[in-house]
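For reference, work.cif (mmCIF, C-alpha atoms):
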```cif
data_coords
#
loop_
_atom_site.group_PDB
_atom_site.id
_atom_site.type_symbol
_atom_site.label_atom_id
_atom_site.label_comp_id
_atom_site.auth_asym_id
_atom_site.auth_seq_id
_atom_site.Cartn_x
_atom_site.Cartn_y
_atom_site.Cartn_z
ATOM 1 C CA MET X 1 -86.408 -55.073 56.202
ATOM 2 C CA ARG X 2 -86.856 -56.843 52.875
ATOM 3 C CA VAL X 3 -89.912 -55.485 51.061
ATOM 4 C CA ALA X 4 -91.434 -57.048 47.945
ATOM 5 C CA PHE X 5 -93.672 -55.137 45.550
ATOM 6 C CA PRO X 6 -95.543 -57.381 43.067
ATOM 7 C CA ILE X 7 -95.639 -55.674 39.664
ATOM 8 C CA GLY X 8 -98.307 -57.294 37.513
ATOM 9 C CA ARG X 9 -98.219 -54.432 35.012
ATOM 10 C CA THR X 10 -95.726 -51.631 34.481
ATOM 11 C CA ASN X 11 -98.271 -49.022 35.558
ATOM 12 C CA TYR X 12 -98.309 -50.559 39.057
ATOM 13 C CA LEU X 13 -95.194 -48.468 39.640
ATOM 14 C CA ARG X 14 -97.319 -45.324 39.490
ATOM 15 C CA PRO X 15 -99.261 -45.956 42.731
ATOM 16 C CA LEU X 16 -96.416 -47.876 44.389
ATOM 17 C CA GLY X 17 -93.560 -45.533 43.482
ATOM 18 C CA ALA X 18 -93.797 -43.225 46.493
ATOM 19 C CA VAL X 19 -93.906 -46.221 48.854
ATOM 20 C CA ILE X 20 -90.839 -47.724 47.167
ATOM 21 C CA VAL X 21 -88.995 -44.422 47.581
ATOM 22 C CA ALA X 22 -90.047 -44.209 51.245
ATOM 23 C CA CYS X 23 -88.694 -47.724 51.897
ATOM 24 C CA GLN X 24 -85.417 -46.991 50.136
ATOM 25 C CA ALA X 25 -85.026 -43.767 52.135
ATOM 26 C CA LEU X 26 -84.651 -45.836 55.312
ATOM 27 C CA GLY X 27 -82.302 -48.332 53.715
ATOM 28 C CA HIS X 28 -84.794 -51.175 53.339
ATOM 29 C CA GLU X 29 -84.107 -53.736 50.628
ATOM 30 C CA VAL X 30 -86.713 -53.373 47.876
ATOM 31 C CA PHE X 31 -87.660 -56.065 45.373
ATOM 32 C CA CYS X 32 -89.980 -55.306 42.455
ATOM 33 C CA VAL X 33 -91.343 -58.726 41.563
ATOM 34 C CA GLN X 34 -92.693 -58.931 38.030
ATOM 35 C CA TYR X 35 -95.119 -61.738 37.273
ATOM 36 C CA ARG X 36 -97.619 -62.915 34.664
ATOM 37 C CA ASN X 37 -99.865 -65.135 36.756
ATOM 38 C CA GLU X 38 -100.425 -66.170 40.356
ATOM 39 C CA PRO X 39 -98.309 -69.365 40.316
ATOM 40 C CA GLU X 40 -95.367 -67.373 38.960
ATOM 41 C CA LEU X 41 -95.876 -64.741 41.656
ATOM 42 C CA VAL X 42 -95.848 -67.364 44.405
ATOM 43 C CA THR X 43 -92.646 -68.868 43.024
ATOM 44 C CA ARG X 44 -90.871 -65.544 42.726
ATOM 45 C CA LEU X 45 -91.911 -64.365 46.168
ATOM 46 C CA THR X 46 -90.556 -67.588 47.621
ATOM 47 C CA GLY X 47 -87.210 -66.839 45.979
ATOM 48 C CA VAL X 48 -87.104 -63.266 47.253
ATOM 49 C CA ARG X 49 -87.741 -64.280 50.894
ATOM 50 C CA ALA X 50 -89.243 -60.916 51.721
ATOM 51 C CA ASP X 51 -90.187 -59.905 55.244
ATOM 52 C CA VAL X 52 -93.344 -58.203 53.965
ATOM 53 C CA VAL X 53 -95.256 -57.650 50.725
ATOM 54 C CA ILE X 54 -96.934 -54.375 49.722
ATOM 55 C CA ALA X 55 -99.301 -54.967 46.823
ATOM 56 C CA LEU X 56 -102.254 -53.620 44.863
ATOM 57 C CA GLU X 57 -104.071 -56.947 44.980
ATOM 58 C CA PRO X 58 -104.728 -59.630 47.589
ATOM 59 C CA PRO X 59 -102.259 -62.511 47.979
ATOM 60 C CA PRO X 60 -102.706 -65.752 46.072
ATOM 61 C CA PRO X 61 -103.609 -68.759 48.247
ATOM 62 C CA GLY X 62 -100.543 -70.288 49.841
ATOM 63 C CA VAL X 63 -98.549 -67.093 50.438
ATOM 64 C CA VAL X 64 -97.444 -66.879 54.073
ATOM 65 C CA THR X 65 -95.441 -63.624 53.967
ATOM 66 C CA PRO X 66 -97.201 -60.722 55.761
ATOM 67 C CA TRP X 67 -99.250 -58.908 53.136
ATOM 68 C CA CYS X 68 -100.341 -55.259 53.012
ATOM 69 C CA TRP X 69 -103.002 -54.518 50.420
ATOM 70 C CA LEU X 70 -102.785 -50.908 49.233
ATOM 71 C CA GLN X 71 -105.893 -49.346 47.754
ATOM 72 C CA TYR X 72 -105.498 -48.808 44.006
ATOM 73 C CA GLN X 73 -107.596 -45.793 43.019
ATOM 74 C CA THR X 74 -111.278 -46.844 42.927
ATOM 75 C CA ASP X 75 -110.745 -50.612 42.836
ATOM 76 C CA PHE X 76 -112.299 -51.173 46.266
ATOM 77 C CA LEU X 77 -115.602 -49.903 44.866
ATOM 78 C CA ALA X 78 -115.728 -53.096 42.825
ATOM 79 C CA TYR X 79 -115.948 -55.379 45.862
ATOM 80 C CA GLY X 80 -119.258 -57.200 45.740
ATOM 81 C CA ALA X 81 -120.090 -56.010 42.218
ATOM 82 C CA PRO X 82 -121.183 -58.626 39.632
ATOM 83 C CA GLY X 83 -118.331 -60.354 37.840
ATOM 84 C CA ILE X 84 -115.614 -59.267 40.273
ATOM 85 C CA ARG X 85 -113.348 -62.054 41.471
ATOM 86 C CA TRP X 86 -112.514 -60.512 44.834
ATOM 87 C CA THR X 87 -114.258 -62.158 47.739
ATOM 88 C CA ARG X 88 -114.278 -61.765 51.479
ATOM 89 C CA GLU X 89 -111.716 -64.586 51.584
ATOM 90 C CA ASP X 90 -109.368 -62.503 49.431
ATOM 91 C CA PHE X 91 -109.548 -59.668 51.931
ATOM 92 C CA ALA X 92 -109.150 -62.056 54.856
ATOM 93 C CA ARG X 93 -105.870 -63.461 53.486
ATOM 94 C CA CYS X 94 -104.276 -60.027 53.946
ATOM 95 C CA ASP X 95 -102.675 -58.844 57.166
ATOM 96 C CA ALA X 96 -103.269 -55.114 56.631
ATOM 97 C CA TRP X 97 -105.299 -52.857 54.372
ATOM 98 C CA ALA X 98 -104.275 -49.298 53.454
ATOM 99 C CA ILE X 99 -107.049 -46.948 52.337
ATOM 100 C CA TYR X 100 -107.010 -43.336 51.182
ATOM 101 C CA SER X 101 -109.565 -41.962 53.657
ATOM 102 C CA ASP X 102 -112.296 -43.059 56.036
ATOM 103 C CA TRP X 103 -114.894 -42.755 53.271
ATOM 104 C CA TRP X 104 -113.641 -45.972 51.675
ATOM 105 C CA ARG X 105 -114.385 -48.127 54.732
ATOM 106 C CA GLN X 106 -118.037 -48.461 53.773
ATOM 107 C CA TRP X 107 -117.113 -50.474 50.696
ATOM 108 C CA LEU X 108 -115.005 -53.053 52.543
ATOM 109 C CA PRO X 109 -116.336 -56.251 54.133
ATOM 110 C CA ASP X 110 -117.492 -56.142 57.743
ATOM 111 C CA GLY X 111 -114.654 -57.069 60.044
ATOM 112 C CA ILE X 112 -112.110 -55.736 57.544
ATOM 113 C CA ALA X 113 -113.405 -52.182 57.267
ATOM 114 C CA GLU X 114 -112.861 -51.481 60.950
ATOM 115 C CA ARG X 115 -109.234 -52.618 60.768
ATOM 116 C CA ALA X 116 -108.208 -50.793 57.590
ATOM 117 C CA VAL X 117 -105.668 -48.008 58.120
ATOM 118 C CA VAL X 118 -105.960 -44.585 56.510
ATOM 119 C CA THR X 119 -102.700 -43.741 54.762
ATOM 120 C CA GLY X 120 -103.757 -41.330 52.027
ATOM 121 C CA MET X 121 -102.917 -41.861 48.346
ATOM 122 C CA PRO X 122 -99.119 -42.343 48.204
ATOM 123 C CA GLU X 123 -98.768 -41.276 44.577
ATOM 124 C CA LEU X 124 -99.701 -37.729 45.587
ATOM 125 C CA ASP X 125 -96.457 -37.410 47.577
ATOM 126 C CA GLU X 126 -94.781 -36.691 44.261
ATOM 127 C CA VAL X 127 -96.850 -33.612 43.417
ATOM 128 C CA GLU X 128 -94.777 -31.178 45.470
ATOM 129 C CA GLY X 129 -91.603 -32.208 43.633
ATOM 130 C CA ILE X 130 -92.961 -31.253 40.190
ATOM 131 C CA ASP X 131 -91.984 -27.876 38.741
ATOM 132 C CA PRO X 132 -94.699 -26.678 36.312
ATOM 133 C CA ASN X 133 -92.232 -24.389 34.561
ATOM 134 C CA ALA X 134 -89.923 -27.342 33.920
ATOM 135 C CA VAL X 135 -92.853 -29.328 32.536
ATOM 136 C CA ARG X 136 -93.737 -26.491 30.183
ATOM 137 C CA ARG X 137 -90.154 -26.373 28.957
ATOM 138 C CA GLU X 138 -89.995 -30.151 28.537
ATOM 139 C CA TYR X 139 -93.056 -30.244 26.293
ATOM 140 C CA ARG X 140 -92.523 -26.778 24.739
ATOM 141 C CA LEU X 141 -95.867 -25.474 25.899
ATOM 142 C CA GLY X 142 -94.945 -21.860 26.372
ATOM 143 C CA ALA X 143 -97.435 -19.887 28.448
ATOM 144 C CA ARG X 144 -100.568 -21.130 26.646
ATOM 145 C CA PRO X 145 -103.403 -22.796 28.583
ATOM 146 C CA VAL X 146 -103.480 -26.593 28.442
ATOM 147 C CA VAL X 147 -106.539 -28.798 27.965
ATOM 148 C CA LEU X 148 -105.884 -32.435 28.841
ATOM 149 C CA PHE X 149 -107.975 -35.163 27.208
ATOM 150 C CA LEU X 150 -108.021 -38.799 28.327
ATOM 151 C CA PRO X 151 -109.327 -41.217 25.674
ATOM 152 C CA SER X 152 -112.273 -43.489 26.356
ATOM 153 C CA GLN X 153 -113.134 -46.838 24.797
ATOM 154 C CA ASP X 154 -115.076 -45.139 22.000
ATOM 155 C CA ALA X 155 -112.816 -43.556 19.371
ATOM 156 C CA ASP X 156 -115.743 -42.042 17.448
ATOM 157 C CA ALA X 157 -117.080 -40.293 20.557
ATOM 158 C CA ASP X 158 -113.565 -39.172 21.427
ATOM 159 C CA LEU X 159 -113.198 -37.521 18.036
ATOM 160 C CA VAL X 160 -116.399 -35.530 18.585
ATOM 161 C CA THR X 161 -115.169 -34.441 22.008
ATOM 162 C CA LEU X 162 -111.773 -33.376 20.692
ATOM 163 C CA ALA X 163 -113.379 -31.299 17.932
ATOM 164 C CA ALA X 164 -115.574 -29.543 20.512
ATOM 165 C CA LEU X 165 -112.583 -28.820 22.737
ATOM 166 C CA ARG X 166 -110.654 -27.437 19.785
ATOM 167 C CA ALA X 167 -113.546 -25.163 18.858
ATOM 168 C CA PHE X 168 -113.940 -23.980 22.449
ATOM 169 C CA ASP X 169 -110.449 -22.499 22.745
ATOM 170 C CA ALA X 170 -108.318 -22.350 19.648
ATOM 171 C CA GLU X 171 -105.461 -20.822 21.630
ATOM 172 C CA ALA X 172 -105.196 -23.674 24.113
ATOM 173 C CA ILE X 173 -102.792 -26.558 23.674
ATOM 174 C CA LEU X 174 -104.858 -29.724 23.403
ATOM 175 C CA ILE X 175 -102.995 -32.745 24.775
ATOM 176 C CA ILE X 176 -104.085 -36.374 24.582
ATOM 177 C CA ARG X 177 -102.738 -38.377 27.509
ATOM 178 C CA ALA X 178 -102.392 -41.866 26.049
ATOM 179 C CA ARG X 179 -101.689 -45.097 27.864
ATOM 180 C CA PRO X 180 -100.206 -48.032 25.926
ATOM 181 C CA LYS X 181 -103.634 -49.712 25.856
ATOM 182 C CA ASP X 182 -105.490 -46.644 24.532
ATOM 183 C CA ARG X 183 -106.590 -46.467 20.927
ATOM 184 C CA VAL X 184 -105.605 -43.083 19.526
ATOM 185 C CA THR X 185 -106.606 -42.870 15.872
ATOM 186 C CA TRP X 186 -105.000 -40.728 13.197
ATOM 187 C CA ALA X 187 -108.067 -38.481 13.196
ATOM 188 C CA MET X 188 -107.752 -37.960 16.961
ATOM 189 C CA ARG X 189 -104.076 -37.132 16.602
ATOM 190 C CA HIS X 190 -104.959 -34.599 13.902
ATOM 191 C CA GLN X 191 -107.234 -32.728 16.334
ATOM 192 C CA ALA X 192 -104.667 -32.615 19.131
ATOM 193 C CA ASP X 193 -101.467 -30.594 19.442
ATOM 194 C CA LEU X 194 -99.649 -33.321 21.354
ATOM 195 C CA VAL X 195 -100.099 -36.990 22.168
ATOM 196 C CA ILE X 196 -98.078 -37.864 25.264
ATOM 197 C CA THR X 197 -97.684 -41.451 26.383
ATOM 198 C CA ASP X 198 -98.166 -42.010 30.099
ATOM 199 C CA ASP X 199 -95.301 -44.405 30.756
ATOM 200 C CA ALA X 200 -93.284 -42.807 33.559
ATOM 201 C CA TRP X 201 -93.678 -43.191 37.298
ATOM 202 C CA SER X 202 -91.196 -40.992 39.103
ATOM 203 C CA PRO X 203 -93.001 -38.678 38.851
ATOM 204 C CA PRO X 204 -96.002 -40.109 37.002
ATOM 205 C CA THR X 205 -96.645 -38.480 33.626
ATOM 206 C CA ILE X 206 -100.252 -37.708 34.546
ATOM 207 C CA LEU X 207 -99.126 -35.624 37.528
ATOM 208 C CA LYS X 208 -96.690 -33.682 35.367
ATOM 209 C CA LEU X 209 -99.428 -32.891 32.862
ATOM 210 C CA LEU X 210 -101.883 -31.921 35.578
ATOM 211 C CA SER X 211 -99.343 -29.456 36.970
ATOM 212 C CA VAL X 212 -99.864 -27.315 33.854
ATOM 213 C CA ALA X 213 -103.447 -28.204 32.865
ATOM 214 C CA SER X 214 -106.380 -25.800 33.074
ATOM 215 C CA LEU X 215 -108.973 -28.484 32.324
ATOM 216 C CA MET X 216 -109.186 -32.274 32.061
ATOM 217 C CA VAL X 217 -111.863 -34.149 30.090
ATOM 218 C CA HIS X 218 -112.401 -37.876 30.580
ATOM 219 C CA THR X 219 -114.924 -40.701 30.721
ATOM 220 C CA TYR X 220 -114.929 -42.113 34.230
ATOM 221 C CA SER X 221 -111.139 -42.057 34.485
ATOM 222 C CA THR X 222 -109.720 -42.612 37.946
ATOM 223 C CA ALA X 223 -107.270 -39.820 37.121
ATOM 224 C CA VAL X 224 -110.102 -37.645 38.420
ATOM 225 C CA LEU X 225 -108.593 -38.225 41.877
ATOM 226 C CA GLU X 226 -105.218 -36.789 40.872
ATOM 227 C CA ALA X 227 -106.851 -33.916 38.988
ATOM 228 C CA ALA X 228 -108.942 -32.943 41.997
ATOM 229 C CA TYR X 229 -105.918 -33.012 44.281
ATOM 230 C CA CYS X 230 -104.003 -30.817 41.828
ATOM 231 C CA GLY X 231 -106.910 -28.357 41.727
ATOM 232 C CA VAL X 232 -107.663 -29.014 38.057
ATOM 233 C CA PRO X 233 -111.369 -28.962 37.154
ATOM 234 C CA SER X 234 -112.544 -31.885 35.082
ATOM 235 C CA VAL X 235 -115.497 -32.895 32.968
ATOM 236 C CA CYS X 236 -116.612 -36.499 33.318
ATOM 237 C CA LEU X 237 -118.545 -37.575 30.236
ATOM 238 C CA VAL X 238 -121.203 -40.184 30.926
ATOM 239 C CA PRO X 239 -121.702 -43.038 28.449
ATOM 240 C CA GLU X 240 -125.205 -44.431 27.992
ATOM 241 C CA HIS X 241 -124.292 -47.671 29.682
ATOM 242 C CA LEU X 242 -122.206 -47.941 32.835
ATOM 243 C CA SER X 243 -121.783 -51.710 32.815
ATOM 244 C CA PHE X 244 -118.107 -51.343 31.897
ATOM 245 C CA TYR X 245 -117.414 -49.804 35.301
ATOM 246 C CA PRO X 246 -117.790 -52.320 38.142
ATOM 247 C CA GLY X 247 -119.574 -50.733 41.037
ATOM 248 C CA ALA X 248 -120.641 -47.789 38.864
ATOM 249 C CA GLU X 249 -123.811 -47.344 40.869
ATOM 250 C CA ARG X 250 -121.635 -46.443 43.872
ATOM 251 C CA VAL X 251 -119.760 -43.490 42.430
ATOM 252 C CA LEU X 252 -122.611 -40.988 42.681
ATOM 253 C CA HIS X 253 -124.364 -40.118 45.906
ATOM 254 C CA GLY X 254 -127.091 -37.579 45.390
ATOM 255 C CA GLY X 255 -124.988 -35.619 42.928
ATOM 256 C CA GLU X 256 -121.818 -35.747 45.008
ATOM 257 C CA GLY X 257 -119.296 -38.491 44.425
ATOM 258 C CA ILE X 258 -115.887 -39.266 42.995
ATOM 259 C CA PHE X 259 -116.985 -38.458 39.447
ATOM 260 C CA CYS X 260 -119.436 -35.680 40.258
ATOM 261 C CA TRP X 261 -118.549 -32.885 42.668
ATOM 262 C CA PRO X 262 -119.995 -29.359 42.507
ATOM 263 C CA ASP X 263 -117.543 -26.704 41.328
ATOM 264 C CA LEU X 264 -114.782 -29.233 40.680
ATOM 265 C CA VAL X 265 -115.838 -32.386 38.789
ATOM 266 C CA TYR X 266 -118.568 -31.725 36.243
ATOM 267 C CA HIS X 267 -120.842 -34.528 35.084
ATOM 268 C CA ALA X 268 -122.420 -34.449 31.623
ATOM 269 C CA PRO X 269 -123.809 -36.908 29.037
ATOM 270 C CA HIS X 270 -122.027 -35.163 26.160
ATOM 271 C CA ILE X 271 -119.372 -32.515 25.705
ATOM 272 C CA ARG X 272 -121.870 -30.338 23.854
ATOM 273 C CA ARG X 273 -123.969 -30.169 27.004
ATOM 274 C CA VAL X 274 -121.140 -28.533 28.936
ATOM 275 C CA ALA X 275 -120.621 -24.787 29.239
ATOM 276 C CA LEU X 276 -116.851 -25.106 29.179
ATOM 277 C CA ALA X 277 -116.316 -21.439 29.992
ATOM 278 C CA ASN X 278 -117.948 -22.060 33.367
ATOM 279 C CA VAL X 279 -115.872 -25.118 34.264
ATOM 280 C CA THR X 280 -113.659 -23.950 37.106
ATOM 281 C CA ALA X 281 -112.261 -25.367 40.330
ATOM 282 C CA LYS X 282 -113.212 -23.544 43.508
ATOM 283 C CA PRO X 283 -110.720 -23.931 46.383
ATOM 284 C CA ASP X 284 -113.409 -24.901 48.903
ATOM 285 C CA ALA X 285 -114.711 -27.614 46.571
ATOM 286 C CA ARG X 286 -111.228 -28.974 46.116
ATOM 287 C CA ALA X 287 -110.586 -28.995 49.862
ATOM 288 C CA THR X 288 -113.763 -30.911 50.722
ATOM 289 C CA TYR X 289 -113.233 -33.421 47.894
ATOM 290 C CA VAL X 290 -109.672 -34.121 49.012
ATOM 291 C CA GLU X 291 -110.709 -34.473 52.633
ATOM 292 C CA ARG X 292 -113.452 -36.956 51.794
ATOM 293 C CA PHE X 293 -111.722 -39.151 49.241
ATOM 294 C CA LEU X 294 -107.958 -38.673 49.542
ATOM 295 C CA GLY X 295 -107.137 -38.009 53.174
ATOM 296 C CA ASP X 296 -104.751 -35.138 52.533
ATOM 297 C CA ASP X 297 -102.355 -35.362 55.479
ATOM 298 C CA GLY X 298 -98.921 -35.771 53.857
ATOM 299 C CA ARG X 299 -96.240 -38.456 54.162
ATOM 300 C CA ARG X 300 -98.478 -41.037 52.560
ATOM 301 C CA GLY X 301 -95.741 -43.311 51.273
ATOM 302 C CA ALA X 302 -94.035 -43.275 54.666
ATOM 303 C CA ARG X 303 -97.318 -44.155 56.345
ATOM 304 C CA VAL X 304 -97.721 -47.286 54.178
ATOM 305 C CA ARG X 305 -94.105 -48.185 54.911
ATOM 306 C CA ALA X 306 -94.770 -47.866 58.635
ATOM 307 C CA LEU X 307 -97.858 -50.065 58.345
ATOM 308 C CA ALA X 308 -95.801 -52.758 56.616
ATOM 309 C CA ALA X 309 -93.016 -52.456 59.189
ATOM 310 C CA GLY X 310 -95.572 -53.012 61.927
ATOM 311 C CA LEU X 311 -96.545 -56.317 60.312
ATOM 312 C CA VAL X 312 -92.916 -57.423 60.296
ATOM 313 C CA GLY X 313 -92.474 -56.472 63.937
ATOM 314 C CA ALA X 314 -95.624 -58.332 64.940
ATOM 315 C CA ARG X 315 -94.519 -61.452 63.071
ATOM 316 C CA ARG X 316 -91.105 -61.405 64.705
ATOM 317 C CA ARG X 317 -92.554 -60.921 68.183
ATOM 318 C CA GLY X 318 -94.950 -63.779 67.573
ATOM 319 C CA SER X 319 -92.117 -66.123 66.644
ATOM 320 C CA GLN X 320 -90.101 -65.460 69.798
#
```

Would you mind giving the structure from this file in structure tokens?
Amino acid sequence: MRVAFPIGRTNYLRPLGAVIVACQALGHEVFCVQYRNEPELVTRLTGVRADVVIALEPPPPGVVTPWCWLQYQTDFLAYGAPGIRWTREDFARCDAWAIYSDWWRQWLPDGIAERAVVTGMPELDEVEGIDPNAVRREYRLGARPVVLFLPSQDADADLVTLAALRAFDAEAILIIRARPKDRVTWAMRHQADLVITDDAWSPPTILKLLSVASLMVHTYSTAVLEAAYCGVPSVCLVPEHLSFYPGAERVLHGGEGIFCWPDLVYHAPHIRRVALANVTAKPDARATYVERFLGDDGRRGARVRALAAGLVGARRRGSQ
């Protein structure tokens, strides 16, 4: 089976990596197709002549190769939100839809939701292969506790948060996880012990850091999903305006949602409103969060591979 993986940005390899590995494990031919726009993607897919495509976005018009759309963190929450380009027609052009758990069906269009297949979050397959002791040696962390900070879009607010985290536990190692697009100022770097760029995918850097973290602080980062799975409590800081997050009104449901979960994901308007000493992750809270949002049943990458293989088999049977 020839499998194409469209790679619009380098960080697409993070959610797709476990599926790529699962395909390679059975000897399938894998093609990572880099592209800058939809016409280029169509051209390159034509050249690859794949049997199936596994992607994080719907296919451009005109693509006839069987297409499996894999959920990418919270992106499906954006369907139907103002300013989002995805339409029902985008969903309808796909042949299969892979979602993390049954909870996500409610956000998909009628007629699609019922046909989506629960596969779990493939990236999490890589957690069990990470050795926390090796991570501590790699970054020279010793045995000290680790506080992980993910920058927001507001450098001034980030600086205030970092100062509060530093004051909370002077013995902890304060790490800024920085993506290439993040703005990390000199003043922010001065507050932190380490700034680590998240640019790896096998395993993803964020999963390595979470394997040693005691706490993660962020502003509506979708890394909350990985943190919860890893049993790391997190504080989600709430900006005054949520317009930057499409579908933001959908993330909280009576105080329980992706970014607010009792005894696991703490929700606060400002870091100074958080009793950091009380921020812990209770096992029962972690278990219920994972069950609801992540479908923790193992072999996630292999399940997406099997879904794609089913599309190929159906196409071949239909052509006979």

Atom-to-atom span, CA of Arg93 (chain X) and CA of Val48 (chain X), Å: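 Rounded to one decimal, the two atoms are 19.8 Å apart.
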
Among the residues X:Pro60, X:Pro66, X:Pro283, X:Gly298, the one that comes closest to Val232 (chain X) [using all atoms listed in the file]: X:Pro283

Output check: residues returned by the PyMOL selection byres ((chain X and resi 201) around 12), as a short mmCIF file (atom, residue, chain, number, x, y, z; two decimals) with C-alpha atoms, in the frame of the given file:
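Full text of expr.cif as output:
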```cif
data_model
loop_
_atom_site.label_atom_id
_atom_site.label_comp_id
_atom_site.auth_asym_id
_atom_site.auth_seq_id
_atom_site.Cartn_x
_atom_site.Cartn_y
_atom_site.Cartn_z
CA THR X 10 -95.73 -51.63 34.48
CA ASN X 11 -98.27 -49.02 35.56
CA TYR X 12 -98.31 -50.56 39.06
CA LEU X 13 -95.19 -48.47 39.64
CA ARG X 14 -97.32 -45.32 39.49
CA PRO X 15 -99.26 -45.96 42.73
CA LEU X 16 -96.42 -47.88 44.39
CA GLY X 17 -93.56 -45.53 43.48
CA ALA X 18 -93.80 -43.22 46.49
CA VAL X 19 -93.91 -46.22 48.85
CA ILE X 20 -90.84 -47.72 47.17
CA VAL X 21 -89.00 -44.42 47.58
CA GLU X 123 -98.77 -41.28 44.58
CA LEU X 124 -99.70 -37.73 45.59
CA GLU X 126 -94.78 -36.69 44.26
CA VAL X 127 -96.85 -33.61 43.42
CA THR X 197 -97.68 -41.45 26.38
CA ASP X 198 -98.17 -42.01 30.10
CA ASP X 199 -95.30 -44.40 30.76
CA ALA X 200 -93.28 -42.81 33.56
CA SER X 202 -91.20 -40.99 39.10
CA PRO X 203 -93.00 -38.68 38.85
CA PRO X 204 -96.00 -40.11 37.00
CA THR X 205 -96.64 -38.48 33.63
CA ILE X 206 -100.25 -37.71 34.55
CA LEU X 207 -99.13 -35.62 37.53
CA LYS X 208 -96.69 -33.68 35.37
#
```

Tell me, as an mmCIF file with C-alpha atoms, in the frame of the given file, which residues lie within 12 Å of Glu38 (chain X), counting all atoms listed in the file; anything in the same chain fewer than 6 positions away does not count.
```
data_model
loop_
_atom_site.group_PDB
_atom_site.id
_atom_site.type_symbol
_atom_site.label_atom_id
_atom_site.label_comp_id
_atom_site.auth_asym_id
_atom_site.auth_seq_id
_atom_site.Cartn_x
_atom_site.Cartn_y
_atom_site.Cartn_z
ATOM 1 C CA PRO X 6 -95.543 -57.381 43.067
ATOM 2 C CA ILE X 7 -95.639 -55.674 39.664
ATOM 3 C CA GLY X 8 -98.307 -57.294 37.513
ATOM 4 C CA ARG X 44 -90.871 -65.544 42.726
ATOM 5 C CA LEU X 45 -91.911 -64.365 46.168
ATOM 6 C CA GLU X 57 -104.071 -56.947 44.980
ATOM 7 C CA PRO X 58 -104.728 -59.630 47.589
ATOM 8 C CA PRO X 59 -102.259 -62.511 47.979
ATOM 9 C CA PRO X 60 -102.706 -65.752 46.072
ATOM 10 C CA PRO X 61 -103.609 -68.759 48.247
ATOM 11 C CA GLY X 62 -100.543 -70.288 49.841
ATOM 12 C CA VAL X 63 -98.549 -67.093 50.438
#
```

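Take CA of Gln153 (chain X) and CA of Met188 (chain X): the distance between them is 13.0 Å.
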
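Between CA of Trp97 (chain X) and CA of Asp75 (chain X) lies a distance of 13.0 Å.
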
So which residues get picked by the PyMOL selection byres ((chain X and resi 103) around 12) here, written as a JSON list (two decimals) with C-alpha atoms, in the coordinates of the input?
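Generated file (selection.json):
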```json
[["chain", "number", "residue", "atom", "x", "y", "z"],
["X", 74, "THR", "CA", -111.28, -46.84, 42.93],
["X", 76, "PHE", "CA", -112.30, -51.17, 46.27],
["X", 77, "LEU", "CA", -115.60, -49.90, 44.87],
["X", 99, "ILE", "CA", -107.05, -46.95, 52.34],
["X", 100, "TYR", "CA", -107.01, -43.34, 51.18],
["X", 101, "SER", "CA", -109.56, -41.96, 53.66],
["X", 102, "ASP", "CA", -112.30, -43.06, 56.04],
["X", 104, "TRP", "CA", -113.64, -45.97, 51.68],
["X", 105, "ARG", "CA", -114.38, -48.13, 54.73],
["X", 106, "GLN", "CA", -118.04, -48.46, 53.77],
["X", 107, "TRP", "CA", -117.11, -50.47, 50.70],
["X", 108, "LEU", "CA", -115.00, -53.05, 52.54],
["X", 113, "ALA", "CA", -113.40, -52.18, 57.27],
["X", 114, "GLU", "CA", -112.86, -51.48, 60.95],
["X", 116, "ALA", "CA", -108.21, -50.79, 57.59],
["X", 117, "VAL", "CA", -105.67, -48.01, 58.12],
["X", 118, "VAL", "CA", -105.96, -44.58, 56.51],
["X", 120, "GLY", "CA", -103.76, -41.33, 52.03],
["X", 251, "VAL", "CA", -119.76, -43.49, 42.43],
["X", 257, "GLY", "CA", -119.30, -38.49, 44.42],
["X", 258, "ILE", "CA", -115.89, -39.27, 43.00],
["X", 289, "TYR", "CA", -113.23, -33.42, 47.89],
["X", 290, "VAL", "CA", -109.67, -34.12, 49.01],
["X", 291, "GLU", "CA", -110.71, -34.47, 52.63],
["X", 292, "ARG", "CA", -113.45, -36.96, 51.79],
["X", 293, "PHE", "CA", -111.72, -39.15, 49.24],
["X", 294, "LEU", "CA", -107.96, -38.67, 49.54],
["X", 295, "GLY", "CA", -107.14, -38.01, 53.17]]
```

Residue by residue, what does the PyMOL selection byres ((chain X and resi 272) around 10) grab here? Present the result as a compact mmCIF listing (two decimals) with C-alpha atoms, in the coordinates of the input.
```txt
# COMPACT_ATOMS: atom_id res chain seq x y z
CA VAL X 160 -116.40 -35.53 18.58
CA THR X 161 -115.17 -34.44 22.01
CA ALA X 164 -115.57 -29.54 20.51
CA LEU X 165 -112.58 -28.82 22.74
CA ALA X 268 -122.42 -34.45 31.62
CA PRO X 269 -123.81 -36.91 29.04
CA HIS X 270 -122.03 -35.16 26.16
CA ILE X 271 -119.37 -32.52 25.70
CA ARG X 273 -123.97 -30.17 27.00
CA VAL X 274 -121.14 -28.53 28.94
CA ALA X 275 -120.62 -24.79 29.24
CA LEU X 276 -116.85 -25.11 29.18
```

Contacts of Arg299 (chain X) within 9 Å, all atoms listed in the file, excl. fewer than 4 positions in-chain, as number ranges by chain: X: 22, 119-120, 122, 125, 303-304
